[in-house]
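Enquirer: The structure under discussion is supplied below as structure tokens; questions concerning it will follow.
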Amino acid sequence: MSEEYKSPVYNVKAVPIEKVFANDYNPNVVAPPEMKLLELSIWEDGFTMPCVCYYDAQQDHYILVDGYHRYSVLRTSKRIYEREKGLLPVVVIEKELSNRMASTIRHNRARGTHNIELMCHIVAELDHAGMSDEWIMKNIGMDRDELLRLKQISGLADLFADKEFTIPDESRPDNMY
């Protein structure tokens with residue numbers, strides 16, 4: 001890359017949603033509860049990340065590389081569509097199809113997963129701050145069962161926080177533990 005290279009994020013464009021099309025190679029799937037959370041996130045915080053697209057000049061349209069679910073929210077949420085005036089924030093990458101496919105997978109896989117211990121800590125902090133279960137479920141996108149499990153895990157951790165444990169000596173008979 002040349003010294004003049006600038007990452008695509010420095011050139012975000014507002015593109016009419018009608019000019020944006022999904023690719024046919026994205027294996028990423030988001031469950032309905034997370035889609036509802038994404039819609040809430042975009043409603044509460046706005047679009048905080050642009051979608052990544054390839055621009056097809058012959059067709060005069062943009063093909064998604066990353067951001068399909070943000071794109072879907074704009075297409076399906078009337079309140080967000082109206083607020084955003086049907087415009088999707090997009091950055092453009094210039095890559096051949098095989099490299100776009102690789103980019104899609106890298107974007108999907110690089111997002112990671114949530115650490116249970118940290119999620120328990122966050123739930124405990126929110127609970128100690130006086131946030132209701134309903135507030136936590138709505139704003140973090142949890143159902144009641146998940147919230148209960150995290151509270152139970154963090155509660156058990158609190159109960160045993162000042163205890164010291166040893167691993168049993170495997171040479172002793174089972175009934176001696």
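Residues are named by chain letter and number: chains run A, B, ... in the order of the structure tokens, numbers start at 1 in each chain, and ligands are numbered from 1 in the order shown.
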So that I can see what lies close to Tyr81 (chain A), please list as a list in words the residues with an atom at most 12 Å from it, counting only C-alpha atoms and leaving out residues fewer than 5 positions away in the same chain.

Expert: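 Counting only C-alpha atoms, the residues come to Pro16, Ile17, Glu18, Glu39, Ile42, Trp43, Gly46, Phe47, Arg70, Tyr71, Ser72, Val73, Leu74, Arg75, Thr76, Gly86, Leu87 and Leu88 of chain A.
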
Enquirer: Any idea what's packed within 9 Å of region 90-105 of chain A, counting only C-alpha atoms, ignoring anything in its chain fewer than 5 positions away? Could you give it as a list in words?

Expert: Pro8, Val9, Tyr10, Asn11, Val12, Lys13, Ala14, Val15, Tyr25, Asn26, Pro27, Asn28, Met49, Pro50, Cys51, Val52, Cys53, Tyr54, Tyr55, Tyr62, Leu64, Val65, Asp66 and Ala110 of chain A

Enquirer: Which of region 26-139 of chain A end up as helix (DSSP H, G or I) when DSSP is run on this backbone - answer as a PyMOL selection string?

Expert: chain A and resi 32-45+68-76+78-83+97-109+116-128+133-139

Enquirer: Between A:Ala129, A:Ile116, A:Val20, A:Ile153, which residue has the minimum interatomic distance to Asp60 (chain A), considering only C-alpha atoms?

Expert: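 Among the listed residues, the smallest separation from Asp60 (chain A) belongs to A:Val20.
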
Enquirer: Of the candidates A:Arg109, A:Lys36, A:His69, A:Lys6, which one gets nearest to Gly141 (chain A) if we count only C-alpha atoms?

Expert: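 The answer is A:Lys36, which sits nearest to Gly141 (chain A).
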
Enquirer: What is the distance, in Å and to one decimal place, between CA of Gly67 (chain A) and CA of Glu3 (chain A)?

Expert: 28.0 Å

Enquirer: What does the distance between CA of Glu44 (chain A) and CA of Ile122 (chain A) come to in Å, to one decimal place?

Expert: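 Going from CA of Glu44 (chain A) over to CA of Ile122 (chain A), I get 19.6 Å.
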
Enquirer: Please determine, counting only C-alpha atoms, which residue among A:Met35, A:Val30, A:Ile80, A:Leu150 has the shortest atom-to-atom distance to Asn115 (chain A).

Expert: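 Closest residue, counting only C-alpha atoms: A:Leu150.
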
Enquirer: Taking 6 positions as the minimum chain separation for residues in the same chain, which residues sit within 12 Å of Ala124 (chain A) when counting only C-alpha atoms? Answer as number ranges by chain.

Expert: A: 117-118, 130-133, 136, 147-158

Enquirer: Counting only C-alpha atoms, figure out which residue out of A:Pro89, A:Met119, A:Ala57, A:Leu38 gets nearest to Lys138 (chain A).

Expert: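 Selected residue with least distance to Lys138 (chain A): A:Leu38.
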
Enquirer: Check region 80-117 of chain A with DSSP on the backbone and list each residue it calls strand (DSSP E or B), as a compact mmCIF listing (two decimals) with C-alpha atoms, in the first residue's frame.

Expert:
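Written output follows (states28.txt):
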# COMPACT_ATOMS: atom_id res chain seq x y z
CA LEU A 87 -29.89 6.63 3.90
CA LEU A 88 -27.38 3.98 4.95
CA PRO A 89 -23.85 4.94 6.06
CA VAL A 90 -21.45 3.10 3.77
CA VAL A 91 -17.73 2.82 3.15
CA VAL A 92 -16.46 1.38 -0.12

Enquirer: For a test of reading the model, state the distance in Å between CA of Arg144 (chain A) and CA of Pro32 (chain A), rounded to one decimal.

Expert: 15.3 Å
